[in-house]
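Student: Please read through the structure below; I'll follow up with questions.
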Amino acid sequence: MSTYSVSDTQAAVAPRASLDLAAIRSGSYATGVVASLVWAAFGVSCLYWPDLGDWSRTQSLGIGAFIIAAFVLFGTLAADFLGAAGLALRKRAPWLVAFGAFVTLWEVATAKFAWLPLPFFPPPQAILEVYTDDLPKLLDSVLASIKLQLGGYLIGASVGFLTGVSIGWSQKIGYWVHPVLRFIGPLPATAWLPIAFFTFPSSWSASTFLIALATGFPVTVLTWSGVASVSNAYYDVARTLGAKPSFLVLKVAIPAALPHVFVGLFMGLGSSFAVLVVAEMIGVKAGLGWYLQWAQGWAAYANMYAALIVMSLLCSGAITLLFRTRDRLLVWQKGVVKW
Amino acid sequence: MVALAEAITTPAVGAALDIEHVSHAFDIDGATLPVLHDVSLAIQPGEFVALLGPSGCGKSTLLRLVAGLEKPRAGALREDEVRITGPHPSRVVVFQDPTLFPWRSVWDNVALGLEAQGILKSQRARVDAVLDLVGLSSFRNAYPHQLSGGMAQRVALARALVNDPKILVLDEPLGKLDSLTRIAMQAELVSLWQREGFTTLLVTHDVEEALVLANRVIVLSDRPARIKADIAVQRPYPRHRGDPYLSDLRKQILALLGLEATW
């Protein structure tokens, strides 16, 4: 028997990021100190000039900025004793500089000198004010959005996955489902909105249906293509080893199609977000889309930005969750995109 | 090896394979393309038979028929007198590509057959034993993309052997390996066959490989394949590539394949 080296398997493990990390470690504390100074500058910009408008949180924001500056400074100087947290701070120090500079500029350009026209460009303290003073309503909206999105997405993803596997596997089912899919699938789910809102018993069920529809189409098509593109060689191998049809579907077709399925789930997530927001703006009397619409009606621009930021965090969080799940299930794949 | 002997209480014994007047054809764009023409072959239990023939002559098709992956247009194939109607784990194929399932670890790939037959729970020790046998115990948790070509083919071999096959069907399993790995694996194959006693049917287009491994070499004609010659290789193992007896046979076989000028 020949000899083989273990290095084959270990070579793949070496992280690509190690170079960057080494560079950051060897660098001085300069970036962290600069970040701290930039945040201190933000605090000064809040407190030094008087506000042009009437905002109640300017002082708290300024103090908050100084606290952040202090934390960054402490974290930078003590990074060697903080382990992973210290390393994470160092890695993000350039971003802290950029973000601190951005909020400083934002503060100066809006609240202090109004280079950007008010009230369309509210200052950071106005958004902070929304988060502190309008928190209950915002939280209710967040919960409503999550509930609607989660329900519709889970239904759409499950139905899409089952449909995709069925038409990928059985030509008979494909014969009936394929034309329907071709006819209905490409239609943007939002086009159904007017009909859905008066055919369904409640706007909530209508929206759930539309979100499921928006999710289901890409999941179905990608699952189908995944199952259809599984190499016959895999089936031959499994069959000669005594596999029954159920084994071929569950243990060969589905695992082999999983990378495609995740692409479908990702695409479905994107299009379902769009449907969610539109549905909430038009028919559902709750959720972040409704909040945006409501804020617009009152010309509460700060509330709109605040809701937009929350929405972005939620969507990004959902996609992160999906990618984490994928990374766990598809550890066997090489070269997956890191989110 | 010892572990395998412990795991398998009744050692595998090869089955007889009878190929009776088998003809086969493919339909391509409305035309019928004959691939096999009236092939008859009786293989004794425990024989190592090599099928040699020009590229594209239908050797692999014959293997697919033996494996039960396709049904012949005419004639019949029998394993121990029983007609072959579909795939069965007693006739396992090792293909030219290892075709390991990339989403399964090495261990899970080897366990595939037992899992498909629903007997994995009681037979887990056999998976370990077979992995030991092909020398890949330390790679049990590796994924296929982490293996070299020779290691992957070894896993494919283990995946076949774990089912305790009566007939091992090899479709140019060493065709894509580098020449050094190839020579090493040929020796391994012979010792496995001698140890386990299964009947082996090997498709190859490498005359030397056929002569080093098989005790019977069947030379097939161009498509549609017919049997041109049935040559017994009466030499003990391990065989030496420089053996003048084998060189003579090689010359004969190349002549049968119309390649005498190259010798």
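We label chains A, B, ... in the order they appear in the structure tokens, count residues from 1 in each chain, and number ligands from 1 in the order shown.
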Compile a residue-level contact table for chain A against chain B at a cut-off of 6 Å, reporting for every qualifying residue the shortest atom pair and its distance in Å to one decimal, with only C-alpha atoms counted, rows ordered by chain and ascending number, as a Markdown table.
Tutor:
```
| residue | atom | partner | partner_atom | distance |
| --- | --- | --- | --- | --- |
| A:Thr9 | CA | B:Gln146 | CA | 5.4 |
| A:Thr240 | CA | B:Pro87 | CA | 4.9 |
| A:Leu241 | CA | B:Gly113 | CA | 4.6 |
| A:Gly242 | CA | B:Pro89 | CA | 5.2 |
| A:Ala243 | CA | B:Ala116 | CA | 4.7 |
| A:Trp332 | CA | B:Trp103 | CA | 5.3 |
```
Student: Using only C-alpha atoms, determine which residues lie at most 10 Å from range 74-77 of chain A, disregarding the query and same-chain residues fewer than 6 positions distant; provide the list as a ChimeraX atom specification.
Tutor: /A:28-33,35-36,68,85-90,93
Student: What lies within 8 Å of Leu258 in chain A using only C-alpha atoms, ignoring chain neighbours under 4 positions off, as a ChimeraX atom specification?
Tutor: /A:223,226,254,262,330
Student: Deliver the residues from the most recent selection as a file, using all heavy atoms, as an mmCIF file, in the first residue's frame.
Tutor:
```cif
data_model
loop_
_atom_site.group_PDB
_atom_site.id
_atom_site.type_symbol
_atom_site.label_atom_id
_atom_site.label_comp_id
_atom_site.auth_asym_id
_atom_site.auth_seq_id
_atom_site.Cartn_x
_atom_site.Cartn_y
_atom_site.Cartn_z
ATOM 1 N N THR A 223 -34.797 24.280 -7.079
ATOM 2 C CA THR A 223 -34.796 22.902 -6.577
ATOM 3 C C THR A 223 -34.966 21.934 -7.736
ATOM 4 O O THR A 223 -34.269 20.921 -7.851
ATOM 5 C CB THR A 223 -35.943 22.696 -5.569
ATOM 6 O OG1 THR A 223 -35.843 23.677 -4.557
ATOM 7 C CG2 THR A 223 -35.886 21.322 -4.947
ATOM 8 N N GLY A 226 -31.894 21.734 -9.690
ATOM 9 C CA GLY A 226 -30.910 20.993 -8.917
ATOM 10 C C GLY A 226 -31.137 19.499 -9.009
ATOM 11 O O GLY A 226 -30.205 18.730 -9.246
ATOM 12 N N ILE A 254 -31.847 14.778 -3.323
ATOM 13 C CA ILE A 254 -31.994 15.980 -2.504
ATOM 14 C C ILE A 254 -30.641 16.511 -2.007
ATOM 15 O O ILE A 254 -30.352 17.700 -2.174
ATOM 16 C CB ILE A 254 -32.989 15.732 -1.349
ATOM 17 C CG1 ILE A 254 -34.405 15.634 -1.941
ATOM 18 C CG2 ILE A 254 -32.913 16.835 -0.312
ATOM 19 C CD1 ILE A 254 -35.484 15.350 -0.936
ATOM 20 N N PHE A 262 -30.389 26.216 -2.017
ATOM 21 C CA PHE A 262 -30.034 27.392 -1.224
ATOM 22 C C PHE A 262 -29.970 28.657 -2.071
ATOM 23 O O PHE A 262 -30.289 29.741 -1.591
ATOM 24 C CB PHE A 262 -28.735 27.162 -0.451
ATOM 25 C CG PHE A 262 -28.985 26.537 0.883
ATOM 26 C CD1 PHE A 262 -28.811 25.181 1.081
ATOM 27 C CD2 PHE A 262 -29.454 27.307 1.938
ATOM 28 C CE1 PHE A 262 -29.067 24.602 2.305
ATOM 29 C CE2 PHE A 262 -29.715 26.733 3.164
ATOM 30 C CZ PHE A 262 -29.530 25.381 3.349
ATOM 31 N N LEU A 330 -23.706 22.530 4.097
ATOM 32 C CA LEU A 330 -22.893 22.276 2.908
ATOM 33 C C LEU A 330 -21.404 22.382 3.204
ATOM 34 O O LEU A 330 -20.642 22.895 2.400
ATOM 35 C CB LEU A 330 -23.272 23.247 1.781
ATOM 36 C CG LEU A 330 -24.731 23.256 1.335
ATOM 37 C CD1 LEU A 330 -24.906 24.176 0.135
ATOM 38 C CD2 LEU A 330 -25.209 21.865 0.975
#
```
Student: Which residue is closest to Val49 in chain B? Choose from B:Ser247, B:Thr199, B:Gln252, B:Ser221 and count only C-alpha atoms.
Tutor: B:Thr199
Student: Can you list, as a list of chain:residue names, every protein, DNA or RNA residue that comes within 10 Å of Thr85 in chain B when you count only C-alpha atoms, leaving out same-chain residues fewer than 5 positions away?
Tutor: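 Once the adjacent positions are removed, what remains is B:Leu65, B:Val66, B:Ala67, B:Gly68, B:Leu69, B:Glu70, B:Lys71, B:Pro72, B:Ala76, B:Leu77, B:Arg78.
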Student: For a test of reading the model, state the distance in Å between CA of Ala111 in chain B and CA of Arg124 in chain B, rounded to one decimal.
Tutor: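 Between these atoms lies a distance of 7.8 Å.
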Student: Compile a residue-level contact table for range 44-100 of chain B against range 13-19 of chain B at a cut-off of 8 Å, reporting for every qualifying residue the shortest atom pair and its distance in Å to one decimal, with only C-alpha atoms counted, rows ordered by chain and ascending number, as CSV.
Tutor:
```
residue,atom,partner,partner_atom,distance
B:Gln44,CA,B:Ala16,CA,4.9
B:Pro45,CA,B:Ala16,CA,4.4
B:Gly46,CA,B:Gly14,CA,4.7
B:Glu47,CA,B:Gly14,CA,7.9
B:Gly75,CA,B:Ile19,CA,7.9
B:Ala76,CA,B:Ile19,CA,6.3
B:Leu77,CA,B:Ile19,CA,4.6
B:Arg78,CA,B:Asp18,CA,5.0
B:Glu79,CA,B:Leu17,CA,4.8
B:Asp80,CA,B:Ala16,CA,4.9
B:Glu81,CA,B:Asp18,CA,7.6
```
Student: Need to verify the contact set: range 57-63 of chain B, 9 Å, only C-alpha atoms, exclusion of same-chain residues closer than 5 positions in sequence. Can you return it as a ChimeraX atom specification?
Tutor: /B:22,24,35-36,51-52,68-70,72,93,169-172,201-204,220-225
Student: Identify all residues of range 21-135 of chain B in strand (DSSP E) (DSSP on the backbone) and supply them as a ChimeraX atom specification.
Tutor: /B:21-28,31-43,48-52,74-79,82-83,91-94
Student: Find the spatial neighbours of Gly156 in chain A, counting only C-alpha atoms, within a cut-off of 10 Å - ignore same-chain residues fewer than 5 positions away - and output them as a PyMOL selection string.
Tutor: chain A and resi 150-151+161-162+208-220+265+268-269+272
Student: May I have all residues of range 45-183 of chain A that DSSP, computed from the backbone, assigns to alpha helix (DSSP H), given as a PyMOL selection string?
Tutor: chain A and resi 45-48+58-77+84-107+124-133+135-169+171-183
